[in-house]
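Everything below belongs to upload30.cif, which stores mmCIF, C-alpha atoms.
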data_model
#
loop_
_atom_site.group_PDB
_atom_site.id
_atom_site.type_symbol
_atom_site.label_atom_id
_atom_site.label_comp_id
_atom_site.auth_asym_id
_atom_site.auth_seq_id
_atom_site.Cartn_x
_atom_site.Cartn_y
_atom_site.Cartn_z
ATOM 1 C CA MET R 1 141.416 -93.670 -145.164
ATOM 2 C CA PHE R 2 138.271 -92.541 -143.428
ATOM 3 C CA ALA R 3 136.846 -89.329 -144.841
ATOM 4 C CA ASN R 4 134.579 -86.888 -143.001
ATOM 5 C CA GLU R 5 136.035 -87.575 -139.573
ATOM 6 C CA HIS R 6 135.396 -84.471 -137.533
ATOM 7 C CA ARG R 7 137.011 -83.140 -134.452
ATOM 8 C CA PRO R 8 134.607 -82.846 -131.525
ATOM 9 C CA LYS R 9 132.452 -79.752 -131.603
ATOM 10 C CA ILE R 10 132.117 -77.342 -128.766
ATOM 11 C CA LEU R 11 131.218 -78.663 -125.352
ATOM 12 C CA ALA R 12 127.805 -77.067 -125.298
ATOM 13 C CA LEU R 13 126.415 -79.164 -128.128
ATOM 14 C CA ALA R 14 127.681 -82.402 -126.671
ATOM 15 C CA LEU R 15 126.104 -81.767 -123.285
ATOM 16 C CA LEU R 16 122.816 -82.716 -124.903
ATOM 17 C CA LEU R 17 124.077 -86.237 -124.334
ATOM 18 C CA THR R 18 125.916 -85.834 -121.019
ATOM 19 C CA VAL R 19 122.939 -86.825 -118.915
ATOM 20 C CA GLY R 20 120.622 -87.718 -121.775
ATOM 21 C CA LEU R 21 117.235 -89.381 -121.662
ATOM 22 C CA ILE R 22 115.618 -91.514 -124.325
ATOM 23 C CA VAL R 23 112.205 -90.099 -125.151
ATOM 24 C CA SER R 24 110.033 -92.375 -127.238
ATOM 25 C CA GLU R 25 106.447 -93.439 -127.662
ATOM 26 C CA SER R 26 105.550 -96.784 -126.186
ATOM 27 C CA ILE R 27 104.360 -98.989 -129.039
ATOM 28 C CA ASP R 28 103.605 -102.661 -128.675
ATOM 29 C CA GLN R 29 105.426 -104.165 -131.633
ATOM 30 C CA GLY R 30 105.350 -107.762 -130.388
ATOM 31 C CA THR R 31 108.409 -109.900 -129.731
ATOM 32 C CA ASP R 32 110.453 -112.363 -131.713
ATOM 33 C CA SER R 33 111.472 -115.858 -130.625
ATOM 34 C CA SER R 34 114.310 -114.412 -128.521
ATOM 35 C CA GLY R 35 111.993 -112.115 -126.593
ATOM 36 C CA ASN R 36 113.274 -109.001 -128.321
ATOM 37 C CA ILE R 37 110.902 -106.277 -129.473
ATOM 38 C CA ALA R 38 110.286 -106.856 -133.144
ATOM 39 C CA SER R 39 111.254 -104.076 -135.545
ATOM 40 C CA ASP R 40 108.650 -102.967 -138.072
ATOM 41 C CA ALA R 41 111.306 -102.805 -140.810
ATOM 42 C CA SER R 42 111.369 -105.203 -143.738
ATOM 43 C CA ALA R 43 114.363 -107.522 -144.068
ATOM 44 C CA LEU R 44 114.875 -106.029 -147.539
ATOM 45 C CA ASP R 45 115.026 -102.412 -146.357
ATOM 46 C CA ALA R 46 118.304 -100.485 -146.483
ATOM 47 C CA ALA R 47 120.572 -101.714 -143.694
ATOM 48 C CA GLN R 48 120.677 -99.553 -140.568
ATOM 49 C CA PHE R 49 121.643 -100.109 -136.951
ATOM 50 C CA SER R 50 121.390 -97.579 -134.133
ATOM 51 C CA ILE R 51 122.542 -97.357 -130.524
ATOM 52 C CA GLU R 52 121.212 -94.945 -127.892
ATOM 53 C CA PHE R 53 122.839 -94.870 -124.449
ATOM 54 C CA HIS R 54 121.518 -92.265 -121.999
ATOM 55 C CA ARG R 55 121.067 -92.223 -118.215
ATOM 56 C CA GLY R 56 122.080 -95.843 -118.045
ATOM 57 C CA GLU R 57 119.360 -96.850 -120.517
ATOM 58 C CA LEU R 58 120.494 -98.719 -123.608
ATOM 59 C CA LEU R 59 118.477 -99.068 -126.818
ATOM 60 C CA LEU R 60 119.680 -101.093 -129.798
ATOM 61 C CA SER R 61 117.596 -101.204 -132.957
ATOM 62 C CA GLY R 62 117.984 -102.237 -136.568
ATOM 63 C CA PHE R 63 119.276 -105.126 -138.609
ATOM 64 C CA THR R 64 121.377 -108.011 -137.316
ATOM 65 C CA ALA R 65 123.184 -110.585 -139.422
ATOM 66 C CA SER R 66 122.288 -113.727 -137.495
ATOM 67 C CA ALA R 67 121.488 -115.236 -134.122
ATOM 68 C CA ARG R 68 125.248 -115.453 -133.550
ATOM 69 C CA HIS R 69 125.499 -111.713 -134.164
ATOM 70 C CA GLU R 70 122.775 -111.040 -131.580
ATOM 71 C CA GLN R 71 124.561 -113.291 -129.086
ATOM 72 C CA ALA R 72 127.777 -111.319 -129.623
ATOM 73 C CA LEU R 73 125.924 -108.069 -128.927
ATOM 74 C CA ALA R 74 124.382 -109.618 -125.801
ATOM 75 C CA GLY R 75 127.850 -110.578 -124.587
ATOM 76 C CA ILE R 76 129.128 -107.017 -124.953
ATOM 77 C CA ILE R 77 126.061 -105.665 -123.158
ATOM 78 C CA ALA R 78 126.578 -108.046 -120.237
ATOM 79 C CA LYS R 79 130.303 -107.316 -119.999
ATOM 80 C CA GLU R 80 130.436 -103.582 -120.713
ATOM 81 C CA PHE R 81 127.110 -102.133 -119.587
ATOM 82 C CA GLY R 82 126.679 -103.979 -116.306
ATOM 83 C CA ALA R 83 123.261 -103.490 -114.786
ATOM 84 C CA SER R 84 121.792 -101.786 -117.860
ATOM 85 C CA GLU R 85 118.494 -103.325 -118.965
ATOM 86 C CA PRO R 86 118.650 -103.000 -122.736
ATOM 87 C CA THR R 87 115.740 -102.505 -125.096
ATOM 88 C CA LEU R 88 116.404 -104.552 -128.236
ATOM 89 C CA ARG R 89 114.553 -103.957 -131.481
ATOM 90 C CA TYR R 90 116.179 -106.334 -133.930
ATOM 91 C CA ARG R 91 115.304 -107.563 -137.398
ATOM 92 C CA GLN R 92 117.548 -110.070 -139.153
ATOM 93 C CA GLY R 93 118.485 -108.759 -142.588
ATOM 94 C CA VAL R 94 119.315 -110.606 -145.784
ATOM 95 C CA LEU R 95 121.285 -107.966 -147.701
ATOM 96 C CA LEU R 96 124.014 -107.183 -145.165
ATOM 97 C CA SER R 97 127.724 -106.869 -145.877
ATOM 98 C CA ASP R 98 130.262 -109.251 -144.371
ATOM 99 C CA ASN R 99 131.486 -106.391 -142.171
ATOM 100 C CA TRP R 100 128.088 -105.733 -140.596
ATOM 101 C CA GLU R 101 128.638 -107.920 -137.525
ATOM 102 C CA PRO R 102 132.186 -106.754 -136.616
ATOM 103 C CA VAL R 103 131.330 -103.105 -137.270
ATOM 104 C CA THR R 104 128.199 -103.041 -135.107
ATOM 105 C CA THR R 105 129.715 -105.087 -132.274
ATOM 106 C CA GLN R 106 132.861 -102.956 -132.173
ATOM 107 C CA LEU R 107 130.727 -99.815 -132.273
ATOM 108 C CA LEU R 108 128.761 -101.033 -129.254
ATOM 109 C CA SER R 109 132.039 -101.630 -127.430
ATOM 110 C CA ALA R 110 133.112 -98.065 -128.248
ATOM 111 C CA ILE R 111 129.839 -96.632 -126.945
ATOM 112 C CA ALA R 112 130.563 -98.372 -123.623
ATOM 113 C CA ALA R 113 133.469 -95.946 -123.209
ATOM 114 C CA THR R 114 131.091 -92.966 -123.112
ATOM 115 C CA GLN R 115 128.785 -91.570 -120.462
ATOM 116 C CA SER R 116 126.106 -90.931 -123.046
ATOM 117 C CA ALA R 117 125.985 -91.333 -126.812
ATOM 118 C CA SER R 118 123.967 -91.866 -129.965
ATOM 119 C CA ALA R 119 125.238 -93.760 -132.998
ATOM 120 C CA ILE R 120 123.840 -94.827 -136.374
ATOM 121 C CA VAL R 121 125.354 -97.274 -138.864
ATOM 122 C CA THR R 122 124.273 -97.437 -142.499
ATOM 123 C CA GLU R 123 125.838 -99.211 -145.454
ATOM 124 C CA HIS R 124 128.047 -96.205 -146.139
ATOM 125 C CA ALA R 125 128.602 -94.319 -142.887
ATOM 126 C CA ILE R 126 128.840 -94.398 -139.119
ATOM 127 C CA THR R 127 127.754 -91.321 -137.175
ATOM 128 C CA ILE R 128 128.539 -90.997 -133.460
ATOM 129 C CA ARG R 129 127.952 -88.158 -131.032
ATOM 130 C CA GLY R 130 128.328 -88.216 -127.306
ATOM 131 C CA VAL R 131 130.333 -87.380 -124.209
ATOM 132 C CA SER R 132 133.129 -89.331 -122.558
ATOM 133 C CA SER R 133 135.269 -88.760 -119.494
ATOM 134 C CA MET R 134 137.488 -91.743 -120.429
ATOM 135 C CA PRO R 135 139.637 -90.440 -123.288
ATOM 136 C CA GLU R 136 142.149 -93.292 -123.380
ATOM 137 C CA SER R 137 139.458 -95.951 -123.507
ATOM 138 C CA TRP R 138 137.361 -94.018 -126.013
ATOM 139 C CA PHE R 139 140.161 -93.437 -128.522
ATOM 140 C CA GLU R 140 141.446 -96.997 -128.130
ATOM 141 C CA ARG R 141 138.003 -98.334 -128.984
ATOM 142 C CA LEU R 142 137.502 -95.819 -131.777
ATOM 143 C CA ASN R 143 140.721 -97.072 -133.365
ATOM 144 C CA ALA R 144 139.536 -100.656 -132.945
ATOM 145 C CA LEU R 145 136.330 -99.680 -134.762
ATOM 146 C CA ARG R 146 138.339 -98.112 -137.568
ATOM 147 C CA SER R 147 140.246 -101.355 -138.012
ATOM 148 C CA VAL R 148 137.079 -103.274 -138.981
ATOM 149 C CA VAL R 149 135.350 -100.582 -141.046
ATOM 150 C CA PRO R 150 135.497 -101.239 -144.803
ATOM 151 C CA GLU R 151 137.107 -98.676 -147.074
ATOM 152 C CA GLN R 152 133.826 -97.416 -148.520
ATOM 153 C CA MET R 153 132.337 -96.637 -145.084
ATOM 154 C CA THR R 154 133.043 -93.275 -143.426
ATOM 155 C CA ILE R 155 133.088 -92.410 -139.729
ATOM 156 C CA GLU R 156 131.806 -89.084 -138.427
ATOM 157 C CA HIS R 157 132.259 -88.611 -134.701
ATOM 158 C CA ASP R 158 131.498 -85.731 -132.341
ATOM 159 C CA VAL R 159 132.449 -87.151 -128.973
ATOM 160 C CA VAL R 160 133.548 -84.502 -126.514
ATOM 161 C CA ILE R 161 135.976 -85.385 -123.750
ATOM 162 C CA VAL R 162 134.956 -83.727 -120.486
ATOM 163 C CA ASN R 163 136.349 -83.512 -117.001
ATOM 164 C CA ALA R 164 134.147 -85.652 -114.767
ATOM 165 C CA VAL R 165 134.036 -82.858 -112.170
ATOM 166 C CA SER R 166 132.928 -80.156 -114.619
ATOM 167 C CA SER R 167 130.135 -77.966 -113.319
ATOM 168 C CA LEU R 168 126.864 -79.394 -114.619
ATOM 169 C CA SER R 169 125.125 -76.052 -114.147
ATOM 170 C CA ALA R 170 127.691 -74.270 -116.305
ATOM 171 C CA LEU R 171 127.495 -76.976 -118.947
ATOM 172 C CA CYS R 172 123.715 -76.762 -118.974
ATOM 173 C CA GLU R 173 123.764 -73.016 -119.435
ATOM 174 C CA ARG R 174 126.199 -73.279 -122.343
ATOM 175 C CA ALA R 175 124.243 -76.079 -123.985
ATOM 176 C CA PHE R 176 120.981 -74.177 -123.617
ATOM 177 C CA ALA R 177 122.470 -71.041 -125.138
ATOM 178 C CA GLN R 178 123.896 -73.050 -128.030
ATOM 179 C CA SER R 179 120.564 -74.767 -128.697
ATOM 180 C CA LEU R 180 118.965 -71.433 -129.574
ATOM 181 C CA GLY R 181 119.562 -71.316 -133.300
ATOM 182 C CA SER R 182 117.032 -69.640 -135.540
ATOM 183 C CA ALA R 183 114.387 -67.275 -134.220
ATOM 184 C CA ILE R 184 110.948 -68.637 -133.367
ATOM 185 C CA ASP R 185 108.637 -67.457 -136.144
ATOM 186 C CA PHE R 186 104.845 -67.098 -136.111
ATOM 187 C CA ARG R 187 102.266 -66.527 -138.772
ATOM 188 C CA GLN R 188 101.383 -62.847 -139.095
ATOM 189 C CA SER R 189 99.305 -61.492 -136.174
ATOM 190 C CA SER R 190 98.913 -65.070 -134.940
ATOM 191 C CA VAL R 191 100.129 -67.388 -132.190
ATOM 192 C CA GLU R 192 100.601 -70.250 -134.677
ATOM 193 C CA ILE R 193 104.268 -71.300 -134.730
ATOM 194 C CA ARG R 194 105.737 -71.801 -138.185
ATOM 195 C CA THR R 195 107.068 -75.304 -138.812
ATOM 196 C CA SER R 196 110.462 -73.822 -139.705
ATOM 197 C CA SER R 197 110.927 -73.171 -135.972
ATOM 198 C CA TYR R 198 110.374 -76.776 -134.900
ATOM 199 C CA GLU R 199 114.039 -77.745 -135.230
ATOM 200 C CA THR R 200 115.086 -75.101 -132.715
ATOM 201 C CA LEU R 201 112.293 -76.142 -130.364
ATOM 202 C CA ASP R 202 113.372 -79.773 -130.667
ATOM 203 C CA ARG R 203 116.879 -78.820 -129.539
ATOM 204 C CA ILE R 204 115.416 -76.965 -126.563
ATOM 205 C CA VAL R 205 113.449 -80.093 -125.632
ATOM 206 C CA GLU R 206 116.670 -82.128 -125.639
ATOM 207 C CA VAL R 207 118.479 -79.681 -123.359
ATOM 208 C CA ALA R 208 115.472 -79.350 -121.060
ATOM 209 C CA ASN R 209 115.367 -83.123 -120.683
ATOM 210 C CA ASP R 210 119.083 -83.247 -119.917
ATOM 211 C CA CYS R 211 119.127 -80.292 -117.511
ATOM 212 C CA ARG R 212 116.125 -81.100 -115.367
ATOM 213 C CA ALA R 213 117.089 -78.989 -112.359
ATOM 214 C CA GLY R 214 116.451 -75.647 -114.051
ATOM 215 C CA ALA R 215 113.250 -73.754 -114.797
ATOM 216 C CA ILE R 216 112.834 -72.206 -118.247
ATOM 217 C CA ALA R 217 111.859 -68.583 -118.749
ATOM 218 C CA ILE R 218 110.052 -67.808 -122.022
ATOM 219 C CA ARG R 219 109.586 -64.115 -122.753
ATOM 220 C CA GLY R 220 107.626 -62.749 -125.681
ATOM 221 C CA HIS R 221 108.489 -59.374 -127.213
ATOM 222 C CA SER R 222 106.848 -57.213 -129.873
ATOM 223 C CA ASP R 223 107.696 -54.177 -131.936
ATOM 224 C CA ALA R 224 106.238 -50.763 -131.070
ATOM 225 C CA THR R 225 103.571 -50.771 -133.768
ATOM 226 C CA GLY R 226 99.985 -50.403 -132.614
ATOM 227 C CA ASP R 227 98.390 -50.453 -129.180
ATOM 228 C CA GLU R 228 100.763 -51.445 -126.386
ATOM 229 C CA ALA R 229 98.097 -53.362 -124.482
ATOM 230 C CA TRP R 230 97.548 -55.517 -127.575
ATOM 231 C CA ASN R 231 101.317 -55.886 -128.006
ATOM 232 C CA ARG R 232 101.650 -57.230 -124.479
ATOM 233 C CA GLN R 233 98.718 -59.549 -124.942
ATOM 234 C CA LEU R 234 100.063 -60.963 -128.215
ATOM 235 C CA SER R 235 103.626 -61.314 -126.942
ATOM 236 C CA ARG R 236 102.339 -63.159 -123.867
ATOM 237 C CA ALA R 237 100.138 -65.426 -125.986
ATOM 238 C CA ARG R 238 103.038 -66.263 -128.274
ATOM 239 C CA ALA R 239 105.296 -67.089 -125.334
ATOM 240 C CA GLN R 240 102.557 -69.349 -123.973
ATOM 241 C CA ALA R 241 102.159 -71.026 -127.375
ATOM 242 C CA VAL R 242 105.855 -71.898 -127.293
ATOM 243 C CA ALA R 243 105.507 -73.259 -123.752
ATOM 244 C CA ASP R 244 102.487 -75.315 -124.825
ATOM 245 C CA HIS R 245 104.488 -76.779 -127.709
ATOM 246 C CA LEU R 246 107.290 -77.808 -125.350
ATOM 247 C CA ILE R 247 104.801 -79.210 -122.838
ATOM 248 C CA ALA R 248 103.280 -81.313 -125.604
ATOM 249 C CA ARG R 249 106.775 -82.692 -126.224
ATOM 250 C CA GLY R 250 106.990 -83.908 -122.622
ATOM 251 C CA ILE R 251 108.482 -81.020 -120.609
ATOM 252 C CA GLU R 252 106.682 -80.449 -117.306
ATOM 253 C CA ALA R 253 104.439 -77.372 -117.344
ATOM 254 C CA SER R 254 105.631 -76.408 -113.857
ATOM 255 C CA ARG R 255 109.104 -75.690 -115.232
ATOM 256 C CA PHE R 256 108.010 -72.728 -117.360
ATOM 257 C CA VAL R 257 107.933 -69.055 -116.396
ATOM 258 C CA VAL R 258 106.048 -67.241 -119.173
ATOM 259 C CA ALA R 259 105.874 -63.485 -119.693
ATOM 260 C CA GLY R 260 104.749 -61.037 -122.386
ATOM 261 C CA LEU R 261 106.748 -57.803 -122.360
ATOM 262 C CA GLY R 262 105.281 -56.096 -125.406
ATOM 263 C CA SER R 263 107.601 -53.467 -126.871
ATOM 264 C CA SER R 264 109.205 -52.485 -123.558
ATOM 265 C CA GLU R 265 112.620 -54.060 -124.276
ATOM 266 C CA PRO R 266 113.569 -53.360 -127.909
ATOM 267 C CA VAL R 267 116.863 -54.647 -129.310
ATOM 268 C CA ALA R 268 116.680 -52.647 -132.540
ATOM 269 C CA ASP R 269 115.266 -49.449 -134.030
ATOM 270 C CA ASN R 270 111.472 -49.609 -134.363
ATOM 271 C CA SER R 271 111.538 -47.009 -137.133
ATOM 272 C CA THR R 272 112.744 -49.578 -139.695
ATOM 273 C CA ALA R 273 111.123 -52.795 -140.914
ATOM 274 C CA ALA R 274 114.298 -54.746 -140.175
ATOM 275 C CA GLY R 275 114.447 -53.366 -136.643
ATOM 276 C CA ARG R 276 110.808 -54.151 -135.979
ATOM 277 C CA GLY R 277 111.420 -57.697 -137.195
ATOM 278 C CA LEU R 278 114.243 -58.123 -134.682
ATOM 279 C CA ASN R 279 112.115 -56.729 -131.869
ATOM 280 C CA ARG R 280 109.370 -59.300 -132.513
ATOM 281 C CA ARG R 281 111.031 -62.215 -130.795
ATOM 282 C CA ILE R 282 110.902 -64.993 -128.223
ATOM 283 C CA GLU R 283 113.694 -65.164 -125.658
ATOM 284 C CA PHE R 284 114.599 -68.181 -123.530
ATOM 285 C CA GLU R 285 116.608 -68.439 -120.337
ATOM 286 C CA LEU R 286 117.539 -71.465 -118.286
ATOM 287 C CA LEU R 287 117.014 -70.525 -114.644
ATOM 288 C CA GLN R 288 119.324 -72.572 -112.459
ATOM 289 C CA PRO R 289 118.204 -73.301 -108.887
ATOM 290 C CA SER R 290 119.926 -71.391 -106.095
ATOM 291 C CA LEU R 291 122.562 -73.326 -104.178
#
Can you give me the file's structure in the form of structure tokens?
Amino acid sequence: MFANEHRPKILALALLLTVGLIVSESIDQGTDSSGNIASDASALDAAQFSIEFHRGELLLSGFTASARHEQALAGIIAKEFGASEPTLRYRQGVLLSDNWEPVTTQLLSAIAATQSASAIVTEHAITIRGVSSMPESWFERLNALRSVVPEQMTIEHDVVIVNAVSSLSALCERAFAQSLGSAIDFRQSSVEIRTSSYETLDRIVEVANDCRAGAIAIRGHSDATGDEAWNRQLSRARAQAVADHLIARGIEASRFVVAGLGSSEPVADNSTAAGRGLNRRIEFELLQPSL
């Protein structure tokens, strides 16, 4: 029995992986005797193994059981991922279960049946999310993974099956809309973004990286309190602060269209505190290029 197995979520969320891109800092960690990038984890740390597969780039990191285990992973990479040049960040562990090698190798084989995916294995759980246009192969390999997973380990998977000819523009628009969770909050009368908004901004970064053809409109709005010229100035400055945050996360500045609209487009009644709170907002729109 494998608890916590979830049916795939809506297509918009999974598009974050459809044409994904690994974004990471380049850190020289040295190499081990096999030429792999050495992990900075201790061999006594809690066991973890992760796989990232986006835009044909493959990253494997975490604990391996032995040189034989690493050779088995290399064989799957050569057979299943073709021309992919993997980045390997291995550390051989000493406190690994007997199932560690079959679980991680079978998981890698399952990821090969996706177009893009992320997966993490710990001692107690496997989490997978991604997109596949090969349903038969994916479910066959998922079942093969289940067959080697010990009873105490759960599998959570959100892999969406898509039609290979689905409109990328439509998928991007849905994913972008879905990424907009909580409102972007600022400190009072300030352009400083509250840290509680970072999670939403991180999701926008992921979609922006995946959907590179579209520009991103960021529009700041205010309530009707005070001088309208100041409202426009503040709403524009806040929209720019959001753009600057996203630029710092690697999104090209040329992709942003920033505007401050002041109180000209209210969505609620400015006579109440609740309404004014709703009117003070940042709106995003993914602007798809004309065909």
query: At what distance in Å, to one decimal, does atom CA of R:Ile251 lie from atom CA of R:Gly277?
result: 28.8 Å
Spatial neighbours of R:Arg187, 12 Å, all atoms listed in the file, chain gap at least 5 places, as a CSV table (one decimal) with C-alpha atoms, in the coordinates of the input:
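Saved to result-v3.csv:
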chain,number,residue,atom,x,y,z
R,192,GLU,CA,100.6,-70.2,-134.7
R,193,ILE,CA,104.3,-71.3,-134.7
R,194,ARG,CA,105.7,-71.8,-138.2
R,195,THR,CA,107.1,-75.3,-138.8
R,196,SER,CA,110.5,-73.8,-139.7
R,197,SER,CA,110.9,-73.2,-136.0
R,238,ARG,CA,103.0,-66.3,-128.3
R,280,ARG,CA,109.4,-59.3,-132.5
- request: Name all residues at most 9 Å from R:Val257 (count only C-alpha atoms; drop same-chain ones fewer than 4 positions away) and give them as a PyMOL selection string.
  value: chain R and resi 215-219+243
- request: Would you list the contacts of R:Ile282 as JSON, numbers by chain, taking every protein, DNA or RNA residue within 9 Å and counting all atoms listed in the file, but skipping same-chain residues closer than 3 positions in sequence?
  value: {"R": [183, 184, 185, 218, 219, 220, 221, 222, 235, 238, 239, 242]}
Take every atom of stretch 231-245 of chain R listed in the file, pad by 3 Å on each side, and give me the axis-aligned box centre and edge lengths in Å, one decimal, as lines of an AutoDock Vina configuration file.
center_x = 102.3
center_y = -66.3
center_z = -126.0
size_x = 13.1
size_y = 26.9
size_z = 10.5
Spell out the residues picked by the PyMOL selection byres ((chain R and resi 53) around 12) here, as a PDB file with C-alpha atoms, keeping the file's coordinate frame.
ATOM      1  CA  LEU R  17     124.077 -86.237-124.334  1.00  0.00           C
ATOM      2  CA  THR R  18     125.916 -85.834-121.019  1.00  0.00           C
ATOM      3  CA  VAL R  19     122.939 -86.825-118.915  1.00  0.00           C
ATOM      4  CA  GLY R  20     120.622 -87.718-121.775  1.00  0.00           C
ATOM      5  CA  LEU R  21     117.235 -89.381-121.662  1.00  0.00           C
ATOM      6  CA  ILE R  22     115.618 -91.514-124.325  1.00  0.00           C
ATOM      7  CA  VAL R  23     112.205 -90.099-125.151  1.00  0.00           C
ATOM      8  CA  SER R  50     121.390 -97.579-134.133  1.00  0.00           C
ATOM      9  CA  ILE R  51     122.542 -97.357-130.524  1.00  0.00           C
ATOM     10  CA  GLU R  52     121.212 -94.945-127.892  1.00  0.00           C
ATOM     11  CA  HIS R  54     121.518 -92.265-121.999  1.00  0.00           C
ATOM     12  CA  ARG R  55     121.067 -92.223-118.215  1.00  0.00           C
ATOM     13  CA  GLY R  56     122.080 -95.843-118.045  1.00  0.00           C
ATOM     14  CA  GLU R  57     119.360 -96.850-120.517  1.00  0.00           C
ATOM     15  CA  LEU R  58     120.494 -98.719-123.608  1.00  0.00           C
ATOM     16  CA  LEU R  59     118.477 -99.068-126.818  1.00  0.00           C
ATOM     17  CA  LEU R  60     119.680-101.093-129.798  1.00  0.00           C
ATOM     18  CA  SER R  61     117.596-101.204-132.957  1.00  0.00           C
ATOM     19  CA  ILE R  77     126.061-105.665-123.158  1.00  0.00           C
ATOM     20  CA  PHE R  81     127.110-102.133-119.587  1.00  0.00           C
ATOM     21  CA  SER R  84     121.792-101.786-117.860  1.00  0.00           C
ATOM     22  CA  GLU R  85     118.494-103.325-118.965  1.00  0.00           C
ATOM     23  CA  PRO R  86     118.650-103.000-122.736  1.00  0.00           C
ATOM     24  CA  THR R  87     115.740-102.505-125.096  1.00  0.00           C
ATOM     25  CA  LEU R 108     128.761-101.033-129.254  1.00  0.00           C
ATOM     26  CA  SER R 109     132.039-101.630-127.430  1.00  0.00           C
ATOM     27  CA  ALA R 110     133.112 -98.065-128.248  1.00  0.00           C
ATOM     28  CA  ILE R 111     129.839 -96.632-126.945  1.00  0.00           C
ATOM     29  CA  ALA R 112     130.563 -98.372-123.623  1.00  0.00           C
ATOM     30  CA  ALA R 113     133.469 -95.946-123.209  1.00  0.00           C
ATOM     31  CA  THR R 114     131.091 -92.966-123.112  1.00  0.00           C
ATOM     32  CA  GLN R 115     128.785 -91.570-120.462  1.00  0.00           C
ATOM     33  CA  SER R 116     126.106 -90.931-123.046  1.00  0.00           C
ATOM     34  CA  ALA R 117     125.985 -91.333-126.812  1.00  0.00           C
ATOM     35  CA  SER R 118     123.967 -91.866-129.965  1.00  0.00           C
ATOM     36  CA  ALA R 119     125.238 -93.760-132.998  1.00  0.00           C
ATOM     37  CA  ILE R 120     123.840 -94.827-136.374  1.00  0.00           C
ATOM     38  CA  ILE R 128     128.539 -90.997-133.460  1.00  0.00           C
ATOM     39  CA  ARG R 129     127.952 -88.158-131.032  1.00  0.00           C
ATOM     40  CA  GLY R 130     128.328 -88.216-127.306  1.00  0.00           C
ATOM     41  CA  VAL R 131     130.333 -87.380-124.209  1.00  0.00           C
ATOM     42  CA  SER R 132     133.129 -89.331-122.558  1.00  0.00           C
TER      43      SER R 132
END
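Once R:Ile247 and its same-chain neighbours fewer than 5 positions away are set aside, Leu201, Asp202, Ile204, Val205, Ala208, Asn209, Ile216, Gln240, Ala241, Val242, Glu252, Ala253, Ser254, Arg255 and Phe256 of chain R remain within 12 Å of it when counting all atoms listed in the file.
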statement: Taken to one decimal, the atom CA of R:Glu136-atom CA of R:Lys79 distance is 18.7 Å
